[in-house]
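Source file upload-v4.tsv; content: TSV, C-alpha atoms.
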```tsv
chain	number	residue	atom	x	y	z
A	1	MET	CA	18.50	-43.20	-1.13
A	2	ARG	CA	18.21	-39.99	-3.17
A	3	LYS	CA	16.30	-36.99	-1.90
A	4	LEU	CA	15.21	-33.90	-3.88
A	5	VAL	CA	14.29	-30.82	-1.85
A	6	LEU	CA	12.75	-27.63	-3.28
A	7	ALA	CA	12.33	-24.53	-1.13
A	8	ALA	CA	10.65	-21.29	-2.12
A	9	ALA	CA	10.12	-18.09	-0.18
A	10	LEU	CA	6.67	-16.65	-0.77
A	11	SER	CA	5.67	-13.53	1.11
A	12	GLY	CA	8.09	-14.32	3.90
A	13	THR	CA	6.88	-17.91	4.33
A	14	MET	CA	9.30	-20.74	3.65
A	15	VAL	CA	7.72	-23.75	1.96
A	16	THR	CA	9.67	-26.97	1.63
A	17	LEU	CA	8.72	-29.87	-0.60
A	18	ALA	CA	10.55	-33.19	-0.40
A	19	ALA	CA	10.45	-36.10	-2.82
A	20	CYS	CA	12.10	-39.31	-1.74
A	21	SER	CA	13.02	-42.43	-3.59
A	22	GLY	CA	13.15	-45.30	-1.21
A	23	GLY	CA	11.26	-46.03	2.01
A	24	ALA	CA	7.60	-45.15	1.99
A	25	ASP	CA	7.72	-44.55	5.71
A	26	GLU	CA	9.76	-41.34	5.33
A	27	ALA	CA	7.61	-38.23	5.76
A	28	ALA	CA	8.20	-34.87	4.09
A	29	GLU	CA	9.34	-32.31	6.59
A	30	ALA	CA	8.12	-28.69	6.54
A	31	GLU	CA	10.79	-26.19	7.42
A	32	ALA	CA	9.57	-23.10	9.29
A	33	PRO	CA	11.14	-19.76	8.42
A	34	THR	CA	13.44	-18.23	10.96
A	35	ALA	CA	12.40	-15.04	12.70
A	36	VAL	CA	15.11	-13.21	10.76
A	37	GLU	CA	13.80	-14.48	7.38
A	38	THR	CA	10.23	-13.48	8.24
A	39	THR	CA	11.28	-10.05	9.53
A	40	GLU	CA	13.50	-9.40	6.49
A	41	ALA	CA	10.71	-10.33	4.07
A	42	THR	CA	8.21	-8.13	5.89
A	43	GLU	CA	10.63	-5.19	6.03
A	44	ALA	CA	11.44	-5.57	2.34
A	45	THR	CA	7.74	-5.54	1.43
A	46	GLU	CA	7.11	-2.46	3.57
A	47	ALA	CA	10.21	-0.62	2.33
A	48	ALA	CA	9.29	-1.24	-1.30
A	49	ALA	CA	5.73	-0.06	-0.70
A	50	GLU	CA	6.78	3.03	1.27
A	51	ALA	CA	9.35	4.12	-1.29
A	52	ALA	CA	6.80	4.08	-4.08
A	53	VAL	CA	4.61	7.07	-3.11
A	54	LEU	CA	5.67	10.70	-2.74
A	55	ASP	CA	3.84	13.03	-0.36
A	56	ALA	CA	2.60	15.86	-2.59
A	57	GLY	CA	2.73	18.21	0.37
A	58	THR	CA	6.50	17.94	0.76
A	59	ALA	CA	7.85	16.66	-2.58
A	60	THR	CA	10.22	18.82	-4.61
A	61	VAL	CA	9.91	19.70	-8.29
A	62	GLU	CA	12.81	17.36	-9.04
A	63	GLN	CA	11.21	14.42	-7.19
A	64	LEU	CA	7.85	15.01	-8.84
A	65	ALA	CA	9.30	15.42	-12.35
A	66	ALA	CA	10.86	11.95	-11.99
A	67	VAL	CA	7.40	10.39	-11.58
A	68	GLU	CA	5.78	8.83	-14.64
A	69	GLY	CA	3.03	11.07	-15.97
A	70	VAL	CA	4.43	14.22	-14.32
A	71	ASN	CA	6.34	16.68	-16.50
A	72	GLU	CA	8.33	19.63	-15.13
A	73	GLU	CA	5.45	22.06	-15.69
A	74	LEU	CA	3.01	19.89	-13.72
A	75	ALA	CA	5.65	19.26	-11.04
A	76	ALA	CA	6.08	23.03	-10.64
A	77	ALA	CA	2.30	23.50	-10.45
A	78	ILE	CA	2.01	20.81	-7.77
A	79	VAL	CA	4.77	22.42	-5.70
A	80	ALA	CA	3.18	25.86	-6.14
A	81	GLY	CA	-0.02	24.47	-4.61
A	82	GLN	CA	1.72	23.19	-1.47
A	83	PRO	CA	0.68	22.59	1.22
A	84	TYR	CA	-2.40	20.54	0.35
A	85	ALA	CA	-5.17	20.30	2.93
A	86	SER	CA	-6.31	17.00	1.42
A	87	VAL	CA	-5.89	14.65	-1.51
A	88	THR	CA	-9.05	16.14	-3.01
A	89	ASP	CA	-7.19	19.46	-3.31
A	90	LEU	CA	-4.29	17.70	-5.04
A	91	ASN	CA	-6.70	15.89	-7.35
A	92	ALA	CA	-8.34	19.22	-8.26
A	93	LYS	CA	-4.88	20.62	-9.13
A	94	LEU	CA	-4.14	17.58	-11.32
A	95	LEU	CA	-7.51	17.85	-13.08
A	96	GLU	CA	-6.64	21.39	-14.19
A	97	THR	CA	-4.30	19.88	-16.81
A	98	LEU	CA	-4.90	16.11	-16.83
A	99	SER	CA	-7.81	13.83	-17.67
A	100	ALA	CA	-9.40	11.89	-14.82
A	101	GLU	CA	-7.54	8.75	-15.90
A	102	GLU	CA	-4.19	10.57	-16.07
A	103	ALA	CA	-4.81	12.15	-12.65
A	104	ALA	CA	-5.65	8.74	-11.17
A	105	ALA	CA	-2.40	7.33	-12.57
A	106	VAL	CA	-0.40	10.17	-10.97
A	107	LEU	CA	-2.16	9.60	-7.62
A	108	GLU	CA	-0.69	6.09	-7.56
A	109	ASN	CA	2.77	7.65	-7.06
A	110	VAL	CA	2.03	11.13	-5.68
A	111	PHE	CA	-0.51	11.48	-2.90
A	112	VAL	CA	-1.57	13.42	0.19
A	113	PRO	CA	-2.06	10.81	2.93
A	114	VAL	CA	-5.61	10.65	4.27
A	115	ASN	CA	-6.37	10.44	7.97
A	116	LEU	CA	-8.02	7.08	8.63
A	117	ASN	CA	-10.23	8.51	11.36
A	118	THR	CA	-11.43	11.66	9.61
A	119	ALA	CA	-11.18	11.07	5.84
A	120	SER	CA	-14.28	11.80	3.80
A	121	LYS	CA	-15.72	9.25	1.38
A	122	GLU	CA	-14.33	11.37	-1.47
A	123	GLU	CA	-10.82	11.23	0.00
A	124	LEU	CA	-11.01	7.46	0.57
A	125	ARG	CA	-12.24	6.90	-2.98
A	126	LEU	CA	-9.13	8.63	-4.33
A	127	ILE	CA	-6.88	5.98	-2.78
A	128	PRO	CA	-5.61	3.93	-5.73
A	129	GLY	CA	-7.25	0.52	-5.88
A	130	MET	CA	-10.04	1.49	-3.48
A	131	THR	CA	-13.27	-0.44	-3.96
A	132	ASP	CA	-16.68	0.18	-2.40
A	133	LYS	CA	-16.16	-2.85	-0.15
A	134	MET	CA	-12.74	-1.66	1.05
A	135	GLU	CA	-14.05	1.88	1.59
A	136	HIS	CA	-16.73	0.37	3.84
A	137	GLU	CA	-14.11	-1.66	5.75
A	138	PHE	CA	-11.86	1.38	6.22
A	139	GLU	CA	-14.80	3.28	7.72
A	140	GLU	CA	-16.18	0.37	9.75
A	141	TYR	CA	-13.17	0.12	12.06
A	142	ARG	CA	-13.02	3.82	12.97
A	143	PRO	CA	-11.59	5.11	15.15
A	144	TYR	CA	-8.22	3.44	14.68
A	145	ALA	CA	-6.02	3.58	17.77
A	146	ASP	CA	-2.82	2.94	15.80
A	147	MET	CA	-1.53	1.58	12.50
A	148	SER	CA	-1.19	-1.95	13.86
A	149	GLU	CA	-4.96	-1.95	14.35
A	150	PHE	CA	-5.35	-0.88	10.71
A	151	ASP	CA	-3.00	-3.69	9.63
A	152	ARG	CA	-4.93	-6.27	11.64
A	153	GLU	CA	-8.44	-5.21	10.61
A	154	ILE	CA	-7.82	-4.50	6.93
A	155	GLY	CA	-5.64	-7.61	6.80
A	156	LYS	CA	-8.83	-9.62	7.28
A	157	TYR	CA	-9.85	-8.66	3.74
A	158	VAL	CA	-6.61	-8.35	1.76
A	159	ASP	CA	-3.15	-9.88	1.92
A	160	GLU	CA	-0.13	-8.37	3.69
A	161	ALA	CA	1.26	-6.80	0.51
A	162	GLU	CA	-2.03	-5.01	-0.17
A	163	VAL	CA	-2.22	-3.76	3.43
A	164	ALA	CA	1.34	-2.41	3.01
A	165	ARG	CA	0.33	-0.76	-0.28
A	166	PHE	CA	-2.72	0.88	1.35
A	167	ARG	CA	-0.47	2.19	4.15
A	168	ASN	CA	1.24	4.42	1.54
A	169	TYR	CA	-1.95	6.44	1.31
A	170	VAL	CA	-3.11	6.70	4.92
A	171	THR	CA	-2.06	8.18	8.23
A	172	LEU	CA	-3.40	8.76	11.73
```
Since I need it in another form, could you write the structure as structure tokens?
Amino acid sequence: MRKLVLAAALSGTMVTLAACSGGADEAAEAEAPTAVETTEATEATEAAAEAAVLDAGTATVEQLAAVEGVNEELAAAIVAGQPYASVTDLNAKLLETLSAEEAAAVLENVFVPVNLNTASKEELRLIPGMTDKMEHEFEEYRPYADMSEFDREIGKYVDEAEVARFRNYVTL
């Protein structure tokens, strides 16, 4: 009997497909991921997401100048405006020299984290990828006791990777 097995890791979940030639009574077996595989996939997703966004309140000129859409002059202006009380202050600084679209593109990689429990609608709307529905969901679960509560509640509406991406822009 010949057996062909294909396994693929998708978002930390191991999926196994089996095709058998021979007895019809043989069932395909699903192979569960080990705890290590699941943890490693989750950590990799979170690490990639966390590494992607600089905090405008602490970033250096050199770090900022390495970001797409930020030249050395803008990087120096951002650093000169530190510390930022909110992302709306950073956005105002960006809009001094950039169009709204250019500023939005920079905010994907350079941001001032918003407090989940106290952020204004304007601050929430500046989170890249924020929709009206997600803004409502962010506000609905206030106050958040901890980030695991955020993960659980927002995870009802978006997948794990999107929750991890949103975490780049929020704090408690």
* Which residues come within 10 Å of range 68-75 of chain A, counting all atoms listed in the file, excluding same-chain residues fewer than 5 positions away, as a ChimeraX atom specification? -> /A:56,59-63,80,93-94,96-98,102-103,105-110
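In this comparison, which uses only C-alpha atoms, the residue of A:Ala76, A:Ala66, A:Leu54, A:Ala85 approaching Asn115 in chain A most closely is A:Ala85.
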Compute the distance from (-8.1, 3.3, -2.8) to each atom, counting only C-alpha atoms, keep the residues with any atom at most 10 Å away, and return them as a PDB file with C-alpha atoms, in the coordinates of the input; use the coordinates of the file.
```pdb
ATOM      1  CA  LEU A 107      -2.160   9.600  -7.620  1.00  0.00           C
ATOM      2  CA  GLU A 108      -0.690   6.090  -7.560  1.00  0.00           C
ATOM      3  CA  GLU A 123     -10.820  11.230   0.000  1.00  0.00           C
ATOM      4  CA  LEU A 124     -11.010   7.460   0.570  1.00  0.00           C
ATOM      5  CA  ARG A 125     -12.240   6.900  -2.980  1.00  0.00           C
ATOM      6  CA  LEU A 126      -9.130   8.630  -4.330  1.00  0.00           C
ATOM      7  CA  ILE A 127      -6.880   5.980  -2.780  1.00  0.00           C
ATOM      8  CA  PRO A 128      -5.610   3.930  -5.730  1.00  0.00           C
ATOM      9  CA  GLY A 129      -7.250   0.520  -5.880  1.00  0.00           C
ATOM     10  CA  MET A 130     -10.040   1.490  -3.480  1.00  0.00           C
ATOM     11  CA  THR A 131     -13.270  -0.440  -3.960  1.00  0.00           C
ATOM     12  CA  ASP A 132     -16.680   0.180  -2.400  1.00  0.00           C
ATOM     13  CA  MET A 134     -12.740  -1.660   1.050  1.00  0.00           C
ATOM     14  CA  GLU A 135     -14.050   1.880   1.590  1.00  0.00           C
ATOM     15  CA  PHE A 138     -11.860   1.380   6.220  1.00  0.00           C
ATOM     16  CA  ARG A 165       0.330  -0.760  -0.280  1.00  0.00           C
ATOM     17  CA  PHE A 166      -2.720   0.880   1.350  1.00  0.00           C
ATOM     18  CA  TYR A 169      -1.950   6.440   1.310  1.00  0.00           C
ATOM     19  CA  VAL A 170      -3.110   6.700   4.920  1.00  0.00           C
TER      20      VAL A 170
END
```
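Taking CA of Val163 in chain A and CA of Phe150 in chain A as endpoints, the distance between them is 8.4 Å.
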Output, as lines of an AutoDock Vina configuration file, the centre and edge lengths in Å (one decimal) of the axis-aligned box that contains all listed atoms of range 94-110 of chain A with 4 Å of margin on each side.
```
center_x = -3.3
center_y = 13.7
center_z = -11.7
size_x = 20.2
size_y = 23.3
size_z = 20.0
```
* To do: Would you mind reading off the distance between CA of Ala100 in chain A and CA of Ala65 in chain A, one decimal, in Å?
  => 19.2 Å
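Taking all atoms listed in the file into account, Asp55 in chain A lies nearest to A:Asn168 out of the set A:Asn168, A:Ser99, A:Thr118, A:Ser148.
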